[in-house]
$ cat final_14.cif   # mmCIF, C-alpha atoms and all ligand atoms
data_protein
loop_
_atom_site.label_atom_id
_atom_site.label_comp_id
_atom_site.auth_asym_id
_atom_site.auth_seq_id
_atom_site.Cartn_x
_atom_site.Cartn_y
_atom_site.Cartn_z
CA MET A 1 13.99 -16.20 -0.83
CA THR A 2 16.17 -13.14 -0.19
CA LEU A 3 15.40 -10.68 -3.01
CA GLY A 4 18.92 -9.43 -2.39
CA GLY A 5 20.32 -6.35 -4.09
CA ARG A 6 19.29 -2.89 -3.01
CA GLY A 7 17.22 -0.40 -4.88
CA ALA A 8 14.30 -0.52 -7.24
CA ARG A 9 13.81 -3.42 -9.65
CA ARG A 10 12.93 -2.93 -13.30
CA GLY A 11 12.41 -5.21 -16.31
CA SER A 12 14.01 -8.64 -16.08
CA SER A 13 15.47 -7.96 -12.62
CA LEU A 14 11.90 -8.21 -11.27
CA SER A 15 12.24 -11.96 -11.74
CA ASN A 16 15.40 -12.33 -9.69
CA LEU A 17 14.23 -13.65 -6.33
CA GLY A 18 17.58 -14.78 -4.91
CA LEU A 19 16.33 -18.24 -4.00
CA ILE A 20 18.42 -20.24 -1.54
CA GLU A 21 17.75 -23.94 -0.98
CA ASP A 22 17.99 -24.98 2.67
CA GLY A 23 18.58 -21.38 3.71
CA ALA A 24 18.95 -19.86 7.15
CA LEU A 25 19.02 -16.44 8.79
CA LEU A 26 20.81 -15.25 11.89
CA LEU A 27 19.02 -12.44 13.69
CA ARG A 28 20.40 -9.98 16.21
CA ASP A 29 18.50 -7.12 17.87
CA GLY A 30 15.73 -7.26 15.29
CA LEU A 31 18.14 -7.08 12.36
CA ILE A 32 19.55 -9.69 9.99
CA ALA A 33 23.10 -10.54 11.07
CA ALA A 34 23.72 -13.30 8.50
CA ALA A 35 21.83 -14.79 5.55
CA GLY A 36 22.74 -17.72 3.30
CA THR A 37 22.64 -21.49 3.26
CA ARG A 38 22.16 -23.28 6.56
CA THR A 39 25.80 -24.48 6.45
CA GLU A 40 27.08 -20.94 5.91
CA VAL A 41 24.95 -19.39 8.63
CA GLU A 42 25.64 -22.17 11.14
CA ALA A 43 29.37 -21.68 10.61
CA GLN A 44 29.11 -18.18 12.14
CA PRO A 45 30.52 -18.27 15.71
CA GLU A 46 27.50 -16.36 16.98
CA ALA A 47 25.11 -18.95 15.54
CA ARG A 48 26.12 -21.60 18.08
CA ALA A 49 24.66 -19.73 21.05
CA ALA A 50 21.63 -18.43 19.14
CA GLU A 51 18.11 -19.59 19.91
CA LYS A 52 16.95 -21.79 17.01
CA LEU A 53 13.63 -21.63 15.20
CA ASP A 54 13.07 -24.45 12.73
CA LEU A 55 10.75 -23.47 9.87
CA GLY A 56 10.45 -27.11 8.80
CA GLY A 57 11.47 -26.54 5.20
CA ARG A 58 8.81 -23.89 4.61
CA LEU A 59 9.40 -20.87 2.42
CA ALA A 60 10.67 -17.64 4.02
CA LEU A 61 10.52 -14.35 2.14
CA PRO A 62 10.64 -10.66 3.09
CA GLY A 63 7.44 -9.53 4.80
CA PHE A 64 5.08 -7.85 2.35
CA VAL A 65 5.16 -4.07 2.19
CA ASP A 66 1.63 -2.81 1.55
CA SER A 67 2.32 0.65 0.15
CA HIS A 68 -1.26 1.83 -0.40
CA THR A 69 -4.03 1.46 2.20
CA HIS A 70 -6.81 3.56 3.69
CA LEU A 71 -6.37 1.89 7.06
CA ILE A 72 -8.54 4.13 9.22
CA HIS A 73 -12.22 4.03 8.38
CA ALA A 74 -15.33 3.58 10.48
CA ALA A 75 -17.30 0.86 8.71
CA SER A 76 -17.72 -1.18 5.56
CA ARG A 77 -19.83 0.00 2.62
CA ALA A 78 -21.55 -3.33 2.10
CA GLU A 79 -24.80 -1.44 1.36
CA GLU A 80 -23.20 -0.11 -1.84
CA TYR A 81 -21.89 -3.53 -2.85
CA GLU A 82 -25.33 -4.72 -3.92
CA LEU A 83 -25.99 -1.49 -5.84
CA LYS A 84 -22.76 -2.07 -7.76
CA ILE A 85 -23.70 -5.65 -8.53
CA ALA A 86 -27.06 -4.39 -9.81
CA GLY A 87 -25.18 -2.18 -12.25
CA ALA A 88 -24.66 1.22 -10.58
CA THR A 89 -21.19 2.59 -11.31
CA TYR A 90 -18.80 3.80 -8.64
CA GLU A 91 -19.28 7.37 -9.85
CA GLU A 92 -23.11 7.14 -9.90
CA ILE A 93 -23.06 5.98 -6.28
CA ALA A 94 -20.66 8.80 -5.38
CA ARG A 95 -22.93 11.42 -6.98
CA LYS A 96 -25.80 10.30 -4.75
CA GLY A 97 -23.74 10.93 -1.61
CA GLY A 98 -22.42 7.40 -1.42
CA GLY A 99 -18.81 6.47 -2.06
CA ILE A 100 -16.08 8.36 -0.25
CA LEU A 101 -18.53 10.89 1.23
CA ASN A 102 -20.48 8.02 2.78
CA SER A 103 -17.29 6.91 4.56
CA VAL A 104 -16.60 10.53 5.57
CA LYS A 105 -20.00 10.79 7.27
CA LYS A 106 -19.36 7.54 9.15
CA LEU A 107 -15.85 8.53 10.19
CA ARG A 108 -16.83 11.95 11.50
CA ALA A 109 -19.47 10.28 13.67
CA ALA A 110 -17.08 7.65 15.05
CA THR A 111 -15.03 7.99 18.22
CA GLY A 112 -11.24 7.74 18.15
CA ALA A 113 -11.48 4.63 20.33
CA ASP A 114 -13.79 2.86 17.86
CA LEU A 115 -11.58 3.78 14.90
CA LYS A 116 -8.55 2.51 16.73
CA LYS A 117 -10.20 -0.76 17.67
CA ARG A 118 -11.14 -1.41 14.04
CA ALA A 119 -7.66 -0.51 12.78
CA LEU A 120 -5.97 -2.74 15.37
CA ALA A 121 -8.10 -5.70 14.29
CA ALA A 122 -7.22 -4.99 10.66
CA LEU A 123 -3.49 -4.75 11.43
CA LYS A 124 -3.61 -8.18 13.09
CA LEU A 125 -5.08 -9.56 9.88
CA PHE A 126 -2.48 -7.79 7.72
CA ALA A 127 0.17 -9.58 9.79
CA ALA A 128 -1.68 -12.89 9.47
CA TYR A 129 -1.34 -12.63 5.68
CA GLY A 130 2.40 -11.91 5.80
CA THR A 131 2.44 -8.09 5.71
CA THR A 132 4.98 -6.36 7.96
CA THR A 133 4.74 -2.70 6.83
CA VAL A 134 1.57 -0.78 6.00
CA GLU A 135 1.27 2.65 4.44
CA ALA A 136 -1.87 4.36 5.77
CA LYS A 137 -3.69 7.34 4.29
CA SER A 138 -6.04 9.80 5.91
CA GLY A 139 -8.83 11.12 3.68
CA TYR A 140 -12.12 10.06 5.26
CA GLY A 141 -12.15 13.04 7.61
CA LEU A 142 -11.94 15.99 5.20
CA ASP A 143 -12.12 18.60 7.95
CA VAL A 144 -9.37 19.81 10.26
CA THR A 145 -10.45 17.88 13.36
CA SER A 146 -11.14 14.58 11.64
CA GLU A 147 -8.07 14.55 9.39
CA LEU A 148 -5.82 15.30 12.36
CA LYS A 149 -7.64 12.64 14.38
CA ILE A 150 -6.75 10.04 11.71
CA LEU A 151 -3.12 11.12 11.40
CA ARG A 152 -2.65 11.10 15.18
CA LEU A 153 -4.10 7.59 15.24
CA HIS A 154 -1.46 6.51 12.69
CA LYS A 155 1.18 7.73 15.11
CA GLU A 156 -0.41 5.98 18.10
CA LEU A 157 -0.85 2.72 16.19
CA ALA A 158 2.78 2.82 15.06
CA LYS A 159 3.81 2.86 18.73
CA GLU A 160 1.28 0.44 20.16
CA GLN A 161 1.42 -2.57 17.84
CA PRO A 162 4.26 -4.29 15.95
CA LEU A 163 3.57 -3.42 12.28
CA GLU A 164 5.36 -0.41 10.82
CA ILE A 165 2.89 2.32 9.80
CA VAL A 166 3.88 4.87 7.16
CA SER A 167 1.58 7.88 7.39
CA THR A 168 0.24 9.71 4.33
CA PHE A 169 -1.95 12.82 4.34
CA LEU A 170 -4.76 12.51 1.79
CA GLY A 171 -6.80 15.58 2.71
CA ALA A 172 -7.42 16.05 -1.02
CA HIS A 173 -9.35 12.80 -1.41
CA VAL A 174 -12.56 14.47 -2.63
CA VAL A 175 -14.17 17.86 -2.02
CA PRO A 176 -16.24 17.46 1.19
CA ALA A 177 -20.03 17.88 1.07
CA GLU A 178 -20.02 21.28 2.80
CA TYR A 179 -17.89 22.78 -0.01
CA ARG A 180 -19.69 21.14 -2.94
CA GLY A 181 -21.92 23.00 -5.34
CA LYS A 182 -20.56 26.35 -4.13
CA THR A 183 -18.61 28.71 -6.35
CA GLY A 184 -14.94 28.16 -5.76
CA GLY A 185 -15.78 25.40 -3.27
CA ALA A 186 -12.87 23.15 -4.24
CA GLU A 187 -10.46 26.11 -4.10
CA ARG A 188 -11.71 27.10 -0.67
CA TYR A 189 -11.22 23.54 0.58
CA ILE A 190 -7.68 23.49 -0.85
CA GLN A 191 -7.05 26.74 1.01
CA LEU A 192 -8.16 25.03 4.23
CA ILE A 193 -5.68 22.22 3.54
CA GLU A 194 -2.91 24.71 2.89
CA GLN A 195 -3.55 27.09 5.76
CA ASN A 196 -5.07 24.97 8.53
CA LEU A 197 -3.96 21.40 7.98
CA LEU A 198 -0.49 21.29 6.41
CA PRO A 199 1.22 23.54 9.00
CA GLU A 200 -0.10 21.37 11.85
CA ILE A 201 0.91 18.15 10.03
CA GLY A 202 4.34 19.48 9.09
CA GLU A 203 5.18 20.85 12.54
CA ASN A 204 4.08 17.71 14.36
CA ARG A 205 5.46 15.31 11.75
CA LEU A 206 2.11 13.59 11.43
CA ALA A 207 2.79 12.35 7.88
CA GLU A 208 5.70 11.59 5.55
CA PHE A 209 3.76 11.76 2.30
CA CYS A 210 1.05 13.92 0.75
CA ASP A 211 -1.36 12.20 -1.65
CA VAL A 212 -4.14 13.56 -3.90
CA PHE A 213 -6.96 11.76 -5.70
CA CYS A 214 -6.49 13.33 -9.12
CA ASP A 215 -9.38 12.14 -11.26
CA ARG A 216 -12.82 12.87 -12.64
CA GLY A 217 -15.09 13.76 -9.70
CA ALA A 218 -12.11 14.49 -7.42
CA PHE A 219 -9.29 17.01 -8.07
CA SER A 220 -7.94 18.37 -11.37
CA VAL A 221 -4.28 18.17 -12.37
CA GLU A 222 -3.83 21.89 -11.57
CA GLN A 223 -5.47 21.56 -8.15
CA SER A 224 -3.47 18.42 -7.39
CA LYS A 225 -0.22 20.16 -8.31
CA HIS A 226 -1.09 23.02 -5.99
CA VAL A 227 -1.76 20.68 -3.04
CA LEU A 228 1.37 18.59 -3.64
CA GLN A 229 3.53 21.73 -3.88
CA ALA A 230 2.06 23.02 -0.64
CA GLY A 231 2.73 19.63 1.00
CA ARG A 232 6.30 19.68 -0.28
CA GLN A 233 6.89 22.95 1.57
CA TRP A 234 6.16 21.09 4.79
CA GLY A 235 8.50 18.25 3.89
CA LEU A 236 5.81 15.87 2.62
CA VAL A 237 6.83 13.78 -0.40
CA PRO A 238 4.15 13.55 -3.12
CA ARG A 239 2.20 10.43 -4.10
CA LEU A 240 -0.82 10.38 -6.40
CA HIS A 241 -4.01 8.43 -7.13
CA ALA A 242 -3.69 8.59 -10.92
CA GLU A 243 -5.57 7.54 -14.07
CA GLN A 244 -8.01 5.25 -12.26
CA LEU A 245 -11.41 6.26 -13.66
CA SER A 246 -10.22 8.34 -16.61
CA ARG A 247 -6.98 9.65 -18.12
CA THR A 248 -6.33 13.10 -16.70
CA GLY A 249 -2.56 13.48 -17.06
CA ALA A 250 -2.03 12.68 -13.37
CA ALA A 251 0.77 10.20 -14.08
CA ARG A 252 2.68 12.91 -15.97
CA LEU A 253 2.16 15.25 -13.05
CA ALA A 254 3.52 12.59 -10.68
CA ILE A 255 6.67 12.27 -12.77
CA LEU A 256 7.03 16.04 -13.05
CA MET A 257 6.67 16.42 -9.27
CA ARG A 258 9.13 13.57 -8.66
CA ALA A 259 6.42 11.77 -6.71
CA ALA A 260 7.42 8.62 -4.84
CA SER A 261 4.60 6.75 -6.53
CA CYS A 262 1.56 7.09 -8.77
CA ASP A 263 -1.10 4.51 -8.10
CA HIS A 264 -3.91 2.74 -10.05
CA LEU A 265 -2.97 3.58 -13.70
CA GLU A 266 -5.79 1.65 -15.39
CA HIS A 267 -6.13 4.42 -18.00
CA VAL A 268 -2.51 5.35 -18.79
CA ASN A 269 -1.67 5.77 -22.48
CA LYS A 270 1.43 4.72 -24.41
CA ASN A 271 3.27 7.98 -23.76
CA ASP A 272 2.56 7.75 -20.03
CA ILE A 273 3.92 4.20 -20.01
CA ARG A 274 7.08 5.30 -21.81
CA ALA A 275 7.55 8.22 -19.41
CA LEU A 276 7.03 6.00 -16.34
CA GLY A 277 9.61 3.60 -17.76
CA LYS A 278 12.22 6.35 -17.64
CA SER A 279 11.25 7.82 -14.28
CA GLU A 280 12.00 7.04 -10.64
CA THR A 281 8.29 7.33 -9.79
CA VAL A 282 6.95 3.91 -8.87
CA ALA A 283 3.93 2.58 -10.79
CA THR A 284 1.81 1.03 -8.02
CA LEU A 285 -0.93 -1.26 -9.34
CA LEU A 286 -4.04 -2.03 -7.29
CA PRO A 287 -5.89 -4.90 -8.97
CA GLY A 288 -8.07 -5.49 -5.90
CA CYS A 289 -10.09 -2.39 -6.88
CA ASP A 290 -10.92 -3.59 -10.37
CA PHE A 291 -11.74 -7.04 -9.02
CA HIS A 292 -14.11 -5.74 -6.34
CA LEU A 293 -15.80 -3.26 -8.69
CA GLY A 294 -16.09 -5.93 -11.39
CA LEU A 295 -14.23 -3.77 -13.91
CA LYS A 296 -12.69 -5.32 -16.98
CA GLN A 297 -9.87 -2.85 -17.55
CA TYR A 298 -6.87 -3.62 -15.36
CA ALA A 299 -3.64 -1.60 -15.44
CA PRO A 300 -1.25 -2.53 -18.30
CA ALA A 301 1.33 -4.24 -16.11
CA ARG A 302 3.16 -6.04 -18.91
CA ALA A 303 3.62 -2.87 -20.96
CA LEU A 304 4.84 -1.02 -17.85
CA ILE A 305 7.34 -3.77 -17.03
CA GLU A 306 8.55 -3.88 -20.64
CA ALA A 307 8.98 -0.09 -20.64
CA GLY A 308 11.22 -0.41 -17.57
CA ALA A 309 8.87 1.10 -14.97
CA VAL A 310 9.37 0.31 -11.28
CA VAL A 311 6.17 -1.68 -10.82
CA SER A 312 4.76 -2.28 -7.36
CA LEU A 313 1.57 -3.88 -5.98
CA ALA A 314 -0.63 -2.98 -3.02
CA THR A 315 -4.04 -3.89 -1.60
CA ASP A 316 -5.59 -0.37 -1.55
CA TYR A 317 -7.42 -1.69 1.54
CA ASN A 318 -10.48 0.58 1.81
CA PRO A 319 -14.21 0.14 2.45
CA GLY A 320 -15.45 1.29 -0.96
CA THR A 321 -13.38 -0.29 -3.68
CA SER A 322 -10.98 -2.84 -2.21
CA PRO A 323 -11.99 -4.37 1.11
CA THR A 324 -9.09 -6.80 1.35
CA LEU A 325 -5.94 -6.81 3.42
CA SER A 326 -4.55 -9.97 1.86
CA MET A 327 -1.41 -9.34 -0.14
CA PRO A 328 -1.37 -13.00 -1.36
CA MET A 329 -4.82 -12.36 -2.91
CA ILE A 330 -3.38 -9.29 -4.67
CA LEU A 331 -0.54 -11.47 -5.98
CA SER A 332 -3.11 -13.94 -7.34
CA LEU A 333 -4.89 -11.10 -9.16
CA ALA A 334 -1.56 -9.73 -10.42
CA CYS A 335 -0.83 -13.11 -11.97
CA THR A 336 -4.22 -13.93 -13.47
CA GLN A 337 -5.43 -10.43 -14.40
CA LEU A 338 -2.25 -8.38 -14.88
CA ARG A 339 -0.31 -11.31 -16.37
CA MET A 340 2.63 -10.78 -14.07
CA THR A 341 4.66 -13.85 -13.22
CA PRO A 342 4.65 -15.03 -9.59
CA ALA A 343 8.28 -13.87 -9.25
CA GLU A 344 7.50 -10.39 -10.62
CA ALA A 345 4.50 -10.08 -8.33
CA ILE A 346 6.51 -11.02 -5.23
CA THR A 347 9.25 -8.49 -6.09
CA ALA A 348 6.61 -5.82 -6.71
CA ALA A 349 5.07 -6.47 -3.28
CA THR A 350 8.34 -6.41 -1.34
CA ILE A 351 11.46 -4.54 -2.46
CA ASN A 352 9.74 -2.26 -5.01
CA ALA A 353 7.01 -1.39 -2.53
CA ALA A 354 9.70 -0.62 0.07
CA TYR A 355 11.37 1.67 -2.48
CA SER A 356 8.12 3.54 -3.05
CA LEU A 357 8.01 4.27 0.70
CA GLY A 358 11.66 5.38 0.80
CA ARG A 359 12.54 2.37 2.95
CA GLU A 360 14.48 0.17 0.52
CA LYS A 361 17.56 0.36 2.73
CA SER A 362 15.81 -1.09 5.78
CA ILE A 363 13.07 -3.44 4.51
CA GLY A 364 11.89 -5.33 1.40
CA SER A 365 14.63 -7.97 1.22
CA LEU A 366 16.37 -10.44 3.55
CA GLU A 367 19.92 -9.09 3.66
CA VAL A 368 22.51 -8.42 6.33
CA GLY A 369 21.81 -5.15 8.12
CA LYS A 370 18.17 -4.97 7.18
CA GLN A 371 15.25 -5.40 9.57
CA ALA A 372 14.28 -9.01 10.25
CA ASP A 373 10.83 -8.66 8.66
CA ILE A 374 9.92 -12.14 7.45
CA ALA A 375 6.86 -13.94 6.11
CA VAL A 376 6.90 -17.75 6.21
CA PHE A 377 4.55 -19.63 3.89
CA GLU A 378 3.28 -23.19 4.10
CA VAL A 379 4.18 -23.90 0.48
CA ALA A 380 6.60 -26.16 -1.36
CA ASP A 381 7.29 -23.67 -4.15
CA TYR A 382 7.11 -19.84 -4.21
CA ARG A 383 4.64 -19.99 -7.11
CA GLU A 384 2.12 -21.52 -4.74
CA ILE A 385 1.79 -18.18 -2.91
CA PRO A 386 -0.33 -16.63 -5.72
CA TYR A 387 -1.51 -20.05 -6.96
CA TYR A 388 -3.65 -20.61 -3.86
CA PHE A 389 -6.28 -17.90 -3.67
CA GLY A 390 -8.88 -17.10 -1.05
CA VAL A 391 -7.05 -19.26 1.46
CA ASN A 392 -4.29 -18.18 3.79
CA ARG A 393 -1.05 -20.13 3.49
CA CYS A 394 0.95 -17.72 5.67
CA TRP A 395 2.40 -19.82 8.51
CA MET A 396 4.38 -17.24 10.44
CA THR A 397 5.12 -13.52 10.35
CA VAL A 398 8.13 -11.91 12.02
CA LYS A 399 8.60 -8.16 12.52
CA ARG A 400 11.98 -6.81 13.65
CA GLY A 401 12.92 -10.30 14.82
CA ARG A 402 9.72 -10.87 16.83
CA VAL A 403 7.10 -13.46 15.92
CA ILE A 404 3.87 -11.49 15.51
CA HIS A 405 1.73 -14.18 13.88
CA ALA A 406 1.93 -17.95 13.98
CA ALA A 407 -0.64 -20.41 12.66
CA GLU A 408 -0.78 -24.15 12.73
CA GLN A 409 -2.02 -25.37 9.37
CA ALA A 410 -2.42 -28.76 7.87
CA ALA A 411 -0.04 -29.21 4.95
CA ILE A 412 -1.61 -29.86 1.57
ZN ZN A 501 -6.52 4.50 -2.64
#

$ encode --input "final_14.cif" --output "structure tokens" --more "lines below"
Ligand SMILES: [Zn+2]
Amino acid sequence: MTLGGRGARRGSSLSNLGLIEDGALLLRDGLIAAAGTRTEVEAQPEARAAEKLDLGGRLALPGFVDSHTHLIHAASRAEEYELKIAGATYEEIARKGGGILNSVKKLRAATGADLKKRALAALKLFAAYGTTTVEAKSGYGLDVTSELKILRLHKELAKEQPLEIVSTFLGAHVVPAEYRGKTGGAERYIQLIEQNLLPEIGENRLAEFCDVFCDRGAFSVEQSKHVLQAGRQWGLVPRLHAEQLSRTGAARLAILMRAASCDHLEHVNKNDIRALGKSETVATLLPGCDFHLGLKQYAPARALIEAGAVVSLATDYNPGTSPTLSMPMILSLACTQLRMTPAEAITAATINAAYSLGREKSIGSLEVGKQADIAVFEVADYREIPYYFGVNRCWMTVKRGRVIHAAEQAAI
């Protein structure tokens, strides 16, 4: 499965997977040197001397690009899980000091070494499920020291393990406890972001993107715009958490700001959908959140696809609302809950996700000149990737031509 053809996919082109029966790839220096049928690739003079790796007829596709995660956090929030099951809403828990602020307290108390250890273990699991690139957001620090600690860890992790890490600054996740309930508290915190955090991040290139949680209980559209504009001045491209708990107009702001992506979108209205259909801003859907929180209202994926939006999928790996790092599980949810087809879901999780990270020229499809980022699945048919859920059918993961995960599994 090549997903050939560069750029973002919309509408019916989401279904075009570029399937090749009995395919082969020739890799050189971590890049794809040839792609096609086995006969075509073996006819290349260079192929004769190449080391061979037989995938035994399994399915190879581009490694998943997980374009929305909160990789660095100190611990799970399993204690809140039971409260949610008993009926407490996400916002009720947050008001009592749970939710994001609970994770902030835990992160501030954790050492860099502990955070790194946890993130490294998670990255190994991402790879085991076929993911080769992970976007990672800060946002559980919410003070200068802790936010910078997270962003520096992104940089270290990018160097010290094989997965590609794309760093996003999410200082405006929520207003931290020490600024709450005070007049102008949110504004003073935004000032801290602008004056003390962004210059440091910009000068040291600690992030590529700037994200804001624009929703009820977090930041308003005006405040979000302010933060994203300030980030832009330091070269950070906007992304947004938009229309998750309520409709605020965040998706419109994302389009207006030419954001790379606006994510969640459970509460978009018809006009938002139409506007997203005409924009370059990717609509990233995160069904893992709704599943974990037991919510009934998923994002309107079909309407977005029909309107022509660039739809993408991600795990939103985080301790509060989506504790999964399995992209195949997200594909299963996309199919059963968002009514996307398996082909649409795979495209959304590869080339469209790469586009949302500004990396569509180097990753997201298996084409000559691109990085050799490959996921191999123990399946007879690509539809079996979302069809099996809660089990891992990923057989091998390759990043820049190097095998980073290999599992022996019994065939079903
Ligand atoms: Zn998120």

$ residues_near_ligand --input "final_14.cif" --ligand "ligand ZN 501 (chain A)" --cutoff "7 Å" --atoms "all atoms listed in the file" --output "VMD selection string"
chain A and resid 68 to 70 241 316

$ closest_residue --input "final_14.cif" --among "A:Ala34, A:Ile193, A:Leu19, A:Ile165" --to "Thr132 (chain A)" --atoms "all atoms listed in the file"
A:Ile165

$ atom_distance --input "final_14.cif" --atom1 "CA of Pro45 (chain A)" --atom2 "CA of Ala24 (chain A)"
14.5 Å

$ residues_near_point --input "final_14.cif" --point "(-4.0, 6.8, 7.1)" --cutoff "7 Å" --atoms "all atoms listed in the file" --output "PyMOL selection string"
chain A and resi 70-72+136-138+150-151+154+167-169

$ closest_residue --input "final_14.cif" --among "A:Ser12, A:Thr2, A:Ser279, A:Thr347" --to "Leu331 (chain A)" --atoms "only C-alpha atoms"
A:Thr347

$ closest_residue --input "final_14.cif" --among "A:Met327, A:Ile351, A:Val379, A:Ala303" --to "Leu14 (chain A)" --atoms "only C-alpha atoms"
A:Ile351

$ axis_aligned_box --input "final_14.cif" --around "region 122-127 of chain A" --padding-each-side "3 Å" --output "AutoDock Vina command-line options"
--center_x -3.5 --center_y -7.2 --center_z 10.4 --size_x 13.4 --size_y 10.8 --size_z 11.4

$ atom_distance --input "final_14.cif" --atom1 "CA of Lys84 (chain A)" --atom2 "CA of His292 (chain A)"
9.5 Å

$ build_atoms --input "final_14.cif" --residues "region 322-338 of chain A" --atoms "N, CA, C and O atoms" --output "mmCIF file, in the coordinates of the input"
data_model
loop_
_atom_site.group_PDB
_atom_site.id
_atom_site.type_symbol
_atom_site.label_atom_id
_atom_site.label_comp_id
_atom_site.auth_asym_id
_atom_site.auth_seq_id
_atom_site.Cartn_x
_atom_site.Cartn_y
_atom_site.Cartn_z
ATOM 1 N N SER A 322 -11.885 -1.699 -2.350
ATOM 2 C CA SER A 322 -10.980 -2.840 -2.210
ATOM 3 C C SER A 322 -10.910 -3.329 -0.762
ATOM 4 O O SER A 322 -9.902 -3.153 -0.083
ATOM 5 N N PRO A 323 -11.988 -3.944 -0.291
ATOM 6 C CA PRO A 323 -11.990 -4.370 1.110
ATOM 7 C C PRO A 323 -11.211 -5.679 1.331
ATOM 8 O O PRO A 323 -11.765 -6.672 1.777
ATOM 9 N N THR A 324 -9.934 -5.641 1.048
ATOM 10 C CA THR A 324 -9.090 -6.800 1.350
ATOM 11 C C THR A 324 -7.805 -6.325 1.992
ATOM 12 O O THR A 324 -7.334 -5.225 1.701
ATOM 13 N N LEU A 325 -7.248 -7.147 2.870
ATOM 14 C CA LEU A 325 -5.940 -6.810 3.420
ATOM 15 C C LEU A 325 -4.978 -7.957 3.140
ATOM 16 O O LEU A 325 -3.910 -8.052 3.727
ATOM 17 N N SER A 326 -5.370 -8.807 2.191
ATOM 18 C CA SER A 326 -4.550 -9.970 1.860
ATOM 19 C C SER A 326 -3.626 -9.686 0.671
ATOM 20 O O SER A 326 -4.074 -9.593 -0.472
ATOM 21 N N MET A 327 -2.355 -9.538 0.949
ATOM 22 C CA MET A 327 -1.410 -9.340 -0.140
ATOM 23 C C MET A 327 -1.305 -10.595 -1.028
ATOM 24 O O MET A 327 -1.221 -10.465 -2.247
ATOM 25 N N PRO A 328 -1.379 -11.829 -0.462
ATOM 26 C CA PRO A 328 -1.370 -13.000 -1.360
ATOM 27 C C PRO A 328 -2.530 -12.973 -2.366
ATOM 28 O O PRO A 328 -2.369 -13.394 -3.513
ATOM 29 N N MET A 329 -3.693 -12.475 -1.972
ATOM 30 C CA MET A 329 -4.820 -12.360 -2.910
ATOM 31 C C MET A 329 -4.457 -11.372 -4.030
ATOM 32 O O MET A 329 -4.776 -11.601 -5.205
ATOM 33 N N ILE A 330 -3.794 -10.283 -3.665
ATOM 34 C CA ILE A 330 -3.380 -9.290 -4.670
ATOM 35 C C ILE A 330 -2.370 -9.934 -5.635
ATOM 36 O O ILE A 330 -2.395 -9.680 -6.838
ATOM 37 N N LEU A 331 -1.496 -10.778 -5.101
ATOM 38 C CA LEU A 331 -0.540 -11.470 -5.980
ATOM 39 C C LEU A 331 -1.278 -12.391 -6.943
ATOM 40 O O LEU A 331 -0.922 -12.484 -8.124
ATOM 41 N N SER A 332 -2.320 -13.074 -6.455
ATOM 42 C CA SER A 332 -3.110 -13.940 -7.340
ATOM 43 C C SER A 332 -3.713 -13.124 -8.475
ATOM 44 O O SER A 332 -3.676 -13.528 -9.641
ATOM 45 N N LEU A 333 -4.287 -11.960 -8.137
ATOM 46 C CA LEU A 333 -4.890 -11.100 -9.160
ATOM 47 C C LEU A 333 -3.820 -10.562 -10.116
ATOM 48 O O LEU A 333 -4.051 -10.437 -11.324
ATOM 49 N N ALA A 334 -2.644 -10.237 -9.569
ATOM 50 C CA ALA A 334 -1.560 -9.730 -10.420
ATOM 51 C C ALA A 334 -1.181 -10.779 -11.459
ATOM 52 O O ALA A 334 -0.899 -10.459 -12.612
ATOM 53 N N CYS A 335 -1.207 -12.036 -11.044
ATOM 54 C CA CYS A 335 -0.830 -13.110 -11.970
ATOM 55 C C CYS A 335 -1.935 -13.367 -13.003
ATOM 56 O O CYS A 335 -1.687 -13.382 -14.199
ATOM 57 N N THR A 336 -3.170 -13.534 -12.521
ATOM 58 C CA THR A 336 -4.220 -13.930 -13.470
ATOM 59 C C THR A 336 -4.749 -12.762 -14.283
ATOM 60 O O THR A 336 -5.105 -12.923 -15.443
ATOM 61 N N GLN A 337 -4.825 -11.566 -13.691
ATOM 62 C CA GLN A 337 -5.430 -10.430 -14.400
ATOM 63 C C GLN A 337 -4.402 -9.488 -15.011
ATOM 64 O O GLN A 337 -4.641 -8.911 -16.064
ATOM 65 N N LEU A 338 -3.270 -9.300 -14.340
ATOM 66 C CA LEU A 338 -2.250 -8.380 -14.880
ATOM 67 C C LEU A 338 -1.190 -9.134 -15.676
ATOM 68 O O LEU A 338 -0.302 -8.527 -16.249
#
